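Content type compact mmCIF, C-alpha atoms and all ligand atoms, from the file protein_6.txt:
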# COMPACT_ATOMS: atom_id res chain seq x y z
CA MET H 1 0.00 0.00 0.00
CA TYR H 2 1.16 3.51 -0.74
CA ASP H 3 2.10 6.10 1.92
CA VAL H 4 0.78 9.00 -0.13
CA SER H 5 -1.19 9.44 -3.32
CA ILE H 6 -0.97 12.44 -5.59
CA THR H 7 -3.68 12.69 -8.21
CA ALA H 8 -4.08 15.18 -11.04
CA CYS H 9 -7.25 17.27 -10.87
CA SER H 10 -7.28 20.40 -12.99
CA SER H 11 -10.56 22.00 -11.93
CA TYR H 12 -13.37 22.00 -9.38
CA ASP H 13 -15.84 20.53 -11.84
CA GLU H 14 -17.88 18.25 -9.55
CA ASP H 15 -17.65 15.08 -11.66
CA ARG H 16 -13.92 15.51 -12.19
CA VAL H 17 -13.30 16.19 -8.51
CA LYS H 18 -15.28 13.16 -7.39
CA ALA H 19 -13.44 10.85 -9.77
CA ALA H 20 -10.04 12.24 -8.76
CA LEU H 21 -10.77 12.04 -5.04
CA GLU H 22 -12.05 8.48 -5.33
CA GLU H 23 -8.87 7.53 -7.16
CA ALA H 24 -6.68 9.35 -4.63
CA LEU H 25 -8.27 7.59 -1.67
CA GLU H 26 -8.45 4.19 -3.31
CA ARG H 27 -4.69 4.22 -3.91
CA ILE H 28 -3.98 4.57 -0.18
CA ASP H 29 -6.95 2.50 0.96
CA GLY H 30 -7.99 5.71 2.66
CA LEU H 31 -11.59 4.95 3.59
CA SER H 32 -11.18 1.34 4.70
CA PHE H 33 -11.61 2.39 8.34
CA VAL H 34 -15.12 3.74 7.73
CA GLN H 35 -17.86 1.57 9.24
CA LYS H 36 -21.62 1.96 9.04
CA GLY H 37 -22.93 4.22 11.81
CA MET H 38 -19.52 5.78 12.51
CA LYS H 39 -19.49 9.47 13.32
CA ILE H 40 -16.81 11.14 11.25
CA ALA H 41 -15.66 14.72 11.74
CA ILE H 42 -14.17 16.47 8.74
CA LYS H 43 -11.85 19.34 9.64
CA PRO H 44 -11.47 21.54 6.54
CA ASN H 45 -9.54 24.80 6.47
CA LEU H 46 -12.25 27.44 7.00
CA VAL H 47 -9.94 30.09 8.35
CA SER H 48 -12.18 33.07 7.59
CA PHE H 49 -15.13 34.48 5.63
CA ARG H 50 -13.58 33.87 2.22
CA LYS H 51 -15.22 32.75 -0.99
CA PRO H 52 -13.98 29.47 -2.49
CA GLU H 53 -12.40 31.24 -5.47
CA GLU H 54 -10.11 33.22 -3.12
CA ALA H 55 -8.28 29.93 -2.43
CA ALA H 56 -8.00 30.51 1.33
CA THR H 57 -10.33 27.65 2.29
CA THR H 58 -10.93 24.03 1.35
CA HIS H 59 -13.09 24.00 -1.77
CA PRO H 60 -16.73 22.89 -1.26
CA ALA H 61 -16.71 20.72 -4.41
CA LEU H 62 -14.03 18.50 -2.84
CA LEU H 63 -15.82 18.41 0.49
CA LYS H 64 -19.05 17.48 -1.29
CA ALA H 65 -17.30 14.55 -2.95
CA LEU H 66 -15.92 13.32 0.37
CA VAL H 67 -19.25 13.75 2.17
CA GLU H 68 -20.98 11.68 -0.52
CA MET H 69 -18.41 8.90 -0.20
CA LEU H 70 -18.78 8.80 3.58
CA LEU H 71 -22.58 8.86 3.48
CA GLU H 72 -22.57 6.07 0.87
CA ARG H 73 -20.64 4.00 3.43
CA GLY H 74 -23.29 4.67 6.07
CA ALA H 75 -21.29 7.11 8.19
CA GLU H 76 -22.61 10.22 9.91
CA VAL H 77 -20.67 13.30 8.88
CA VAL H 78 -20.04 16.48 10.83
CA ILE H 79 -17.99 19.33 9.35
CA GLY H 80 -16.43 21.96 11.57
CA ASP H 81 -13.64 24.42 12.16
CA SER H 82 -12.89 27.23 14.54
CA PRO H 83 -12.00 30.27 12.45
CA GLY H 84 -10.14 33.29 13.78
CA GLY H 85 -12.12 35.71 15.96
CA PRO H 86 -14.68 34.94 18.66
CA ASN H 87 -15.81 31.32 18.96
CA SER H 88 -19.49 32.03 18.29
CA VAL H 89 -22.37 30.63 16.25
CA MET H 90 -22.63 33.96 14.42
CA VAL H 91 -19.01 33.73 13.22
CA LEU H 92 -19.46 30.07 12.25
CA ASN H 93 -22.60 30.82 10.24
CA ARG H 94 -20.88 33.66 8.39
CA VAL H 95 -17.93 31.44 7.58
CA TYR H 96 -20.09 28.49 6.49
CA SER H 97 -22.07 30.76 4.22
CA ALA H 98 -19.08 32.52 2.60
CA THR H 99 -17.07 29.34 2.08
CA GLY H 100 -19.89 27.40 0.42
CA MET H 101 -20.40 24.91 3.26
CA THR H 102 -24.14 25.43 3.68
CA ALA H 103 -24.86 23.46 0.48
CA LEU H 104 -23.34 20.42 2.20
CA GLU H 105 -26.14 20.37 4.77
CA LYS H 106 -28.59 19.52 2.00
CA LEU H 107 -26.56 16.39 1.29
CA GLY H 108 -27.02 15.21 4.88
CA ALA H 109 -23.81 16.45 6.52
CA VAL H 110 -24.06 18.39 9.78
CA LEU H 111 -22.24 21.72 10.09
CA ASN H 112 -20.99 22.01 13.64
CA ARG H 113 -22.51 24.91 15.58
CA ASN H 114 -21.56 23.65 19.02
CA THR H 115 -19.10 26.22 20.39
CA GLU H 116 -18.34 24.37 23.62
CA GLU H 117 -14.70 23.87 24.48
CA ILE H 118 -13.09 21.00 26.29
CA THR H 119 -9.71 20.66 28.00
CA GLU H 120 -8.00 17.31 28.27
CA ALA H 121 -4.69 16.29 29.76
CA PHE H 122 -2.03 15.32 27.22
CA PRO H 123 0.97 14.03 29.17
CA GLU H 124 2.65 12.78 25.97
CA GLY H 125 2.86 16.34 24.62
CA LYS H 126 6.25 17.94 24.16
CA LYS H 127 5.00 21.52 24.49
CA LEU H 128 1.42 20.98 25.66
CA ASP H 129 0.53 19.02 28.78
CA SER H 130 -3.15 19.66 28.07
CA VAL H 131 -5.15 20.61 25.00
CA THR H 132 -8.19 22.91 24.88
CA TYR H 133 -10.17 22.18 21.76
CA THR H 134 -13.58 22.39 20.14
CA SER H 135 -15.72 19.73 21.79
CA TYR H 136 -17.54 18.40 18.71
CA LEU H 137 -14.32 16.58 17.82
CA LYS H 138 -14.53 14.61 21.07
CA GLU H 139 -17.81 13.06 19.94
CA ALA H 140 -16.37 11.82 16.63
CA ASP H 141 -15.14 8.25 16.10
CA ALA H 142 -12.61 9.51 13.56
CA VAL H 143 -11.29 12.82 12.25
CA ILE H 144 -10.40 13.57 8.64
CA ASP H 145 -8.06 16.52 8.10
CA PHE H 146 -9.05 18.16 4.78
CA CYS H 147 -6.64 21.04 4.30
CA LYS H 148 -5.81 23.63 1.65
CA LEU H 149 -2.33 24.07 0.17
CA LYS H 150 -1.14 27.58 1.04
CA ALA H 151 1.94 29.67 1.61
CA HIS H 152 2.02 30.84 5.23
CA GLY H 153 3.73 33.98 6.50
CA MET H 154 4.87 32.50 9.80
CA MET H 155 5.25 28.77 9.15
CA GLY H 156 6.21 28.80 5.48
CA MET H 157 3.44 26.43 4.46
CA SER H 158 -0.09 25.64 5.58
CA ALA H 159 -1.29 22.15 4.74
CA ALA H 160 -2.36 19.14 6.84
CA VAL H 161 -0.25 19.69 9.97
CA LYS H 162 -1.04 23.41 10.31
CA ASN H 163 -4.73 22.80 9.55
CA LEU H 164 -5.18 21.20 12.97
CA TYR H 165 -4.43 24.54 14.61
CA GLY H 166 -8.12 25.11 13.85
CA ILE H 167 -9.08 22.73 16.66
CA ILE H 168 -8.05 25.50 19.09
CA PRO H 169 -11.14 27.60 19.79
CA GLY H 170 -11.29 31.13 18.28
CA LEU H 171 -9.54 33.65 20.47
CA LYS H 172 -7.45 31.01 22.25
CA LYS H 173 -5.31 30.89 19.10
CA PRO H 174 -3.56 34.22 19.70
CA GLU H 175 -2.77 32.99 23.24
CA MET H 176 -0.87 30.09 21.71
CA HIS H 177 1.14 32.50 19.58
CA TYR H 178 2.04 34.37 22.73
CA ARG H 179 3.07 31.18 24.54
CA PHE H 180 5.12 29.95 21.58
CA PRO H 181 6.47 33.01 19.76
CA ASN H 182 9.39 31.14 18.23
CA GLU H 183 8.58 29.24 15.00
CA ALA H 184 10.35 26.08 16.20
CA ASP H 185 8.36 25.98 19.47
CA PHE H 186 5.15 26.80 17.62
CA ALA H 187 5.84 23.91 15.25
CA GLU H 188 6.35 21.52 18.17
CA MET H 189 3.01 22.67 19.57
CA LEU H 190 1.38 21.92 16.20
CA ILE H 191 2.91 18.44 16.19
CA ASP H 192 1.46 17.93 19.68
CA LEU H 193 -1.98 18.83 18.31
CA ASN H 194 -1.55 16.34 15.47
CA GLU H 195 -0.51 13.62 17.90
CA PHE H 196 -3.42 14.49 20.17
CA ILE H 197 -6.10 14.38 17.44
CA LYS H 198 -4.46 11.60 15.37
CA PRO H 199 -6.56 12.12 12.23
CA ARG H 200 -7.26 8.89 10.35
CA LEU H 201 -6.81 10.56 7.01
CA ALA H 202 -5.25 13.73 5.60
CA ILE H 203 -6.35 15.14 2.26
CA CYS H 204 -4.99 18.31 0.71
CA ASP H 205 -6.91 20.46 -1.74
CA ALA H 206 -4.06 21.50 -4.02
CA VAL H 207 -6.24 21.92 -7.10
CA VAL H 208 -5.86 25.67 -6.66
CA GLY H 209 -3.51 26.65 -3.83
CA MET H 210 -2.51 30.03 -2.45
CA GLU H 211 0.91 31.53 -3.08
CA GLY H 212 2.62 34.66 -1.74
CA ASN H 213 1.00 36.56 1.13
CA GLY H 214 -0.80 33.52 2.61
CA PRO H 215 -2.65 32.18 4.45
CA LEU H 216 -5.37 34.72 3.70
CA ASN H 217 -4.16 37.39 1.35
CA GLY H 218 -2.06 35.57 -1.20
CA LYS H 219 -2.92 34.83 -4.82
CA PRO H 220 -4.71 31.73 -6.11
CA LYS H 221 -2.25 29.41 -7.81
CA GLN H 222 -3.27 26.57 -10.08
CA VAL H 223 -1.45 23.41 -8.97
CA GLY H 224 -3.88 20.78 -10.20
CA ALA H 225 -3.47 18.09 -7.57
CA ILE H 226 -5.11 16.24 -4.70
CA VAL H 227 -2.75 14.79 -2.10
CA ALA H 228 -3.92 12.10 0.34
CA SER H 229 -2.25 10.10 3.08
CA LYS H 230 -3.01 8.43 6.39
CA SER H 231 -0.27 10.63 7.86
CA THR H 232 -0.50 14.42 8.06
CA TYR H 233 3.31 14.55 7.99
CA TYR H 234 3.63 12.46 4.84
CA CYS H 235 0.92 14.55 3.20
CA ASP H 236 2.86 17.71 4.04
CA LEU H 237 6.14 16.34 2.77
CA VAL H 238 4.58 15.87 -0.65
CA CYS H 239 2.80 19.24 -0.44
CA ALA H 240 6.11 20.96 0.34
CA GLU H 241 7.63 19.36 -2.72
CA LEU H 242 4.73 20.58 -4.86
CA MET H 243 5.48 24.11 -3.65
CA GLY H 244 9.22 23.70 -4.21
CA MET H 245 9.94 24.09 -0.50
CA ASN H 246 12.69 22.48 1.52
CA ILE H 247 12.25 20.83 4.93
CA ASN H 248 14.88 23.23 6.35
CA GLY H 249 12.49 26.11 5.75
CA LEU H 250 9.48 24.32 7.24
CA PRO H 251 9.54 24.06 11.03
CA THR H 252 6.65 21.60 11.25
CA LEU H 253 8.32 19.07 8.97
CA LYS H 254 11.64 19.52 10.74
CA ALA H 255 9.93 18.92 14.11
CA ALA H 256 8.14 15.83 12.72
CA TYR H 257 11.44 14.50 11.41
CA ASP H 258 13.21 15.16 14.74
CA ARG H 259 10.48 13.19 16.54
CA GLY H 260 10.79 10.27 14.13
CA LEU H 261 7.31 10.84 12.71
CA ALA H 262 8.39 11.55 9.14
CA PRO H 263 11.41 10.98 6.94
CA GLN H 264 13.61 13.86 5.83
CA SER H 265 12.51 13.72 2.22
CA TYR H 266 9.45 12.76 0.21
CA LYS H 267 11.82 10.46 -1.72
CA GLU H 268 11.73 8.04 1.22
CA LEU H 269 7.97 7.66 0.88
CA ASN H 270 6.11 5.18 -1.26
CA ILE H 271 4.16 7.57 -3.47
CA SER H 272 1.46 6.73 -5.98
CA GLY H 273 1.24 9.37 -8.70
CA ASP H 274 3.46 11.57 -10.79
CA ILE H 275 4.90 14.14 -8.40
CA GLU H 276 7.37 15.39 -11.02
CA ALA H 277 4.56 16.30 -13.42
CA LEU H 278 2.53 18.08 -10.73
CA ARG H 279 5.35 20.03 -9.07
CA SER H 280 4.80 23.79 -9.23
CA PRO H 281 8.36 25.20 -9.42
CA ASP H 282 7.30 28.85 -9.67
CA PHE H 283 5.05 28.71 -6.59
CA GLU H 284 5.65 31.98 -4.76
CA ALA H 285 6.34 30.87 -1.20
CA PRO H 286 7.79 32.63 1.85
CA PRO H 287 11.59 32.49 2.04
CA VAL H 288 13.54 29.54 3.36
CA ARG H 289 13.31 29.85 7.11
CA GLY H 290 16.01 27.49 8.30
CA LEU H 291 18.10 30.31 9.72
CA HIS H 292 15.51 30.86 12.45
CA PHE H 293 16.52 27.55 13.94
CA MET H 294 20.13 28.30 14.71
CA LYS H 295 21.13 27.35 18.24
CA LYS H 296 20.07 30.07 20.69
CA GLY H 297 22.87 32.19 22.13
CA THR H 298 25.07 31.85 19.06
CA LEU H 299 26.10 34.70 16.77
CA LEU H 300 24.26 33.06 13.89
CA HIS H 301 21.09 32.91 15.97
CA PHE H 302 21.45 36.59 16.82
CA ILE H 303 21.95 37.48 13.17
CA SER H 304 19.06 35.32 12.01
CA SER H 305 16.66 36.62 14.67
CA LYS H 306 17.55 40.30 14.20
CA ALA H 307 19.04 41.17 10.84
CA LEU H 308 17.28 38.44 8.83
CA ALA H 309 14.02 38.23 10.72
CA GLN H 310 10.81 38.83 8.82
CA LYS H 311 8.52 41.43 10.31
CA PRO H 312 4.94 42.55 9.79
CA LYS H 313 4.82 45.78 7.84
CA LEU H 314 1.88 48.07 7.16
CA VAL H 315 0.97 49.21 3.67
CA PRO H 316 -0.61 52.52 4.78
CA SER H 317 -2.55 53.10 1.57
CA LEU H 318 -4.48 49.83 2.13
CA CYS H 319 -5.15 50.26 5.86
CA VAL H 320 -8.67 51.45 6.73
CA GLY H 321 -8.06 51.57 10.49
CA CYS H 322 -10.64 48.87 11.28
CA GLY H 323 -8.60 47.63 14.26
CA GLU H 324 -8.97 43.92 13.48
CA CYS H 325 -5.20 43.48 13.67
CA ALA H 326 -5.08 45.15 17.10
CA ARG H 327 -7.85 42.85 18.36
CA MET H 328 -6.05 39.74 17.10
CA CYS H 329 -2.55 40.75 18.22
CA PRO H 330 -1.64 38.49 21.17
CA ALA H 331 1.19 40.81 22.24
CA LYS H 332 -0.98 43.96 22.25
CA ALA H 333 1.64 45.47 19.98
CA ILE H 334 -0.73 47.39 17.68
CA GLU H 335 -2.50 50.67 18.24
CA ILE H 336 -4.72 52.51 15.81
CA LYS H 337 -3.55 56.08 15.44
CA ASN H 338 -5.04 58.50 12.94
CA LYS H 339 -7.00 55.57 11.44
CA LYS H 340 -3.84 53.58 10.71
CA ALA H 341 -2.30 50.59 12.48
CA VAL H 342 0.98 51.32 14.27
CA ILE H 343 3.20 48.43 15.40
CA ASP H 344 5.32 48.60 18.54
CA ARG H 345 8.40 46.65 17.39
CA GLU H 346 9.59 46.06 20.95
CA LYS H 347 6.40 44.20 21.83
CA CYS H 348 5.94 42.37 18.51
CA ILE H 349 6.56 38.61 18.71
CA ARG H 350 6.32 38.12 14.90
CA CYS H 351 3.38 35.74 15.04
CA PHE H 352 1.82 37.34 11.90
CA CYS H 353 -1.74 37.13 13.25
CA CYS H 354 -2.14 40.73 12.03
CA GLN H 355 -1.10 39.74 8.53
CA GLU H 356 -3.32 36.67 8.66
CA PHE H 357 -6.48 38.46 9.73
CA CYS H 358 -6.24 41.88 8.09
CA PRO H 359 -9.29 42.00 5.80
CA LYS H 360 -7.61 44.51 3.48
CA ALA H 361 -4.24 42.78 2.98
CA ALA H 362 -2.68 45.90 4.49
CA MET H 363 -0.24 43.92 6.65
CA VAL H 364 2.47 42.17 4.72
CA VAL H 365 5.48 40.08 5.65
CA HIS H 366 8.54 42.27 5.24
CA ARG H 367 11.66 40.34 4.27
CA PRO H 368 14.96 42.11 4.90
CA PHE H 369 17.19 42.37 1.85
CA ALA H 370 19.77 39.95 3.32
CA ALA H 371 17.07 37.32 3.90
CA LYS H 372 15.87 37.69 0.31
CA VAL H 373 19.42 37.14 -0.95
CA LEU H 374 19.84 34.05 1.23
CA ASN H 375 16.49 32.77 0.09
CA LYS H 376 17.51 33.13 -3.54
CA LEU H 377 20.64 31.16 -2.72
CA LYS H 378 18.42 28.55 -1.00
CA LEU H 379 20.59 28.62 2.11
S1 LIG C 401 -6.69 44.98 10.17
FE1 LIG C 401 -5.69 45.79 8.36
S2 LIG C 401 -6.99 47.44 7.63
FE2 LIG C 401 -7.61 46.97 9.74
S3 LIG C 401 -6.39 48.40 10.98
FE3 LIG C 401 -5.23 46.53 10.86
S4 LIG C 401 -3.88 46.81 9.12
FE4 LIG C 401 -5.44 48.36 8.96
S1 LIG C 402 2.13 43.06 15.55
FE1 LIG C 402 1.41 41.34 14.29
S2 LIG C 402 3.16 39.97 14.21
FE2 LIG C 402 3.53 41.39 15.89
S3 LIG C 402 2.74 40.34 17.68
FE3 LIG C 402 1.10 41.61 16.91
S4 LIG C 402 -0.09 40.27 15.57
FE4 LIG C 402 1.89 39.29 15.93

Using structure tokens, write down the structure that the file contains.
Amino acid sequence: MYDVSITACSSYDEDRVKAALEEALERIDGLSFVQKGMKIAIKPNLVSFRKPEEAATTHPALLKALVEMLLERGAEVVIGDSPGGPNSVMVLNRVYSATGMTALEKLGAVLNRNTEEITEAFPEGKKLDSVTYTSYLKEADAVIDFCKLKAHGMMGMSAAVKNLYGIIPGLKKPEMHYRFPNEADFAEMLIDLNEFIKPRLAICDAVVGMEGNGPLNGKPKQVGAIVASKSTYYCDLVCAELMGMNINGLPTLKAAYDRGLAPQSYKELNISGDIEALRSPDFEAPPVRGLHFMKKGTLLHFISSKALAQKPKLVPSLCVGCGECARMCPAKAIEIKNKKAVIDREKCIRCFCCQEFCPKAAMVVHRPFAAKVLNKLKL
């Protein structure tokens, strides 16, 4: 049996998507765990109120195909996420409506509107000794992680591993950024979440991904693929390769490798599908981030964390002074002055929540010149 499947799918035409997803899952025996009467939670990426064509969220055509397959097998299906902002039914309804999820209810899937939270001990965690998460997941017999392929300002890439950050309820997410301001620690926390939830299946919507200023304000990028695996880490290794990214620039994959959960390269996986043909070499991704992981206290670490560090930067002409960035900033580093966001660099922990949640794409990731040069050199 294959570790990962990668299947060509050039559009969101419903028939084409269904055929491609069936093929992708068949090649990894992906739905063999599904039993009649099982309650299955699908965790898509529904990060915000974005339309499917903006490529920030998992496309509803793919979710429809999966829901149909699960219902055909006699499972009960619940779909849920906890987007940024308050963990409320109003926010969920707005997100479900914008992202095209409401049509899935007509098929027989349930959209989660239970906003209760639950905290459970997790002694096996490396960074987390307990996990607070959205309680509908507790009631599920199995979780399917259905992510979107995106560039990500802080973590380099958002795919299956990062998607499980959405189990953390609404405004608790910025707290996690504050607890784990360093990318390497944040990545370890994400691996803890993956080990806690242990999804049975990871599927990545890479038909159209997002490049550049992701995870919310980048550009749609045609990739033309569906990636599926029983391991979120294996799925991400192949996704990284599709984006032309290296494990050294991706803290989650490095952390997974260090814990023995994934190999160092996709080449060590048994892959079904033509990864060479589907690779997207001109995918505009954030720079290689390996220099952030130099040993603390060393000169190289100082250089990488100061001179080469990426920072949030305001594009004043785009800022409308709405204050969303200030509300989301876990470090309280943003004030609105004269209807523009002003960042206190001393307080900023470079979590990029402001960039992620600015509705006007007015916060961008600023890359110092030296970092751009190193990125070009792929150091
Ligand atoms: S969220 Fe964006 S538009 Fe709103 S104040 Fe912040 S930077 Fe400006
Ligand atoms: S200013 Fe932006 S990057 Fe800095 S701490 Fe606040 S939200 Fe994070």

* To do: Could I get the residue neighbourhood of ligand LIG 401 (chain C) at 8 Å, counting only C-alpha atoms and all ligand atoms, as a PyMOL selection string?
  => chain H and resi 314-316+318-326+336+339-341+354-355+357-363

* How many Å lie between CA of Val365 in chain H and CA of Gly85 in chain H, rounded to one decimal? -> 20.9 Å

Within 8 Å of Asp205 in chain H, counting all atoms listed in the file, which residues qualify if same-chain residues fewer than 5 places away don't, as a compact mmCIF listing (two decimals) with C-alpha atoms, in the frame of the given file?
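Produced file selection-v8.txt, reproduced below:
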# COMPACT_ATOMS: atom_id res chain seq x y z
CA THR H 58 -10.93 24.03 1.35
CA HIS H 59 -13.09 24.00 -1.77
CA LEU H 62 -14.03 18.50 -2.84
CA PHE H 146 -9.05 18.16 4.78
CA CYS H 147 -6.64 21.04 4.30
CA LYS H 148 -5.81 23.63 1.65
CA LEU H 149 -2.33 24.07 0.17
CA ALA H 225 -3.47 18.09 -7.57
CA ILE H 226 -5.11 16.24 -4.70
CA VAL H 227 -2.75 14.79 -2.10

* Contacts of range 252-266 of chain H at 8 Å (only C-alpha atoms; same-chain gap of 5+ positions) as a count of residues only -> 15

* Tell me, as a ChimeraX atom specification, which residues lie within 8 Å of Val223 in chain H, counting all atoms listed in the file; anything in the same chain fewer than 4 positions away does not count. => /H:10,206-209,242,278-280

Put those residues in a file: C-alpha atoms, as an mmCIF file, keeping the file's coordinate frame.
data_model
loop_
_atom_site.group_PDB
_atom_site.id
_atom_site.type_symbol
_atom_site.label_atom_id
_atom_site.label_comp_id
_atom_site.auth_asym_id
_atom_site.auth_seq_id
_atom_site.Cartn_x
_atom_site.Cartn_y
_atom_site.Cartn_z
ATOM 1 C CA SER H 10 -7.280 20.400 -12.990
ATOM 2 C CA ALA H 206 -4.060 21.500 -4.020
ATOM 3 C CA VAL H 207 -6.240 21.920 -7.100
ATOM 4 C CA VAL H 208 -5.860 25.670 -6.660
ATOM 5 C CA GLY H 209 -3.510 26.650 -3.830
ATOM 6 C CA LEU H 242 4.730 20.580 -4.860
ATOM 7 C CA LEU H 278 2.530 18.080 -10.730
ATOM 8 C CA ARG H 279 5.350 20.030 -9.070
ATOM 9 C CA SER H 280 4.800 23.790 -9.230
#
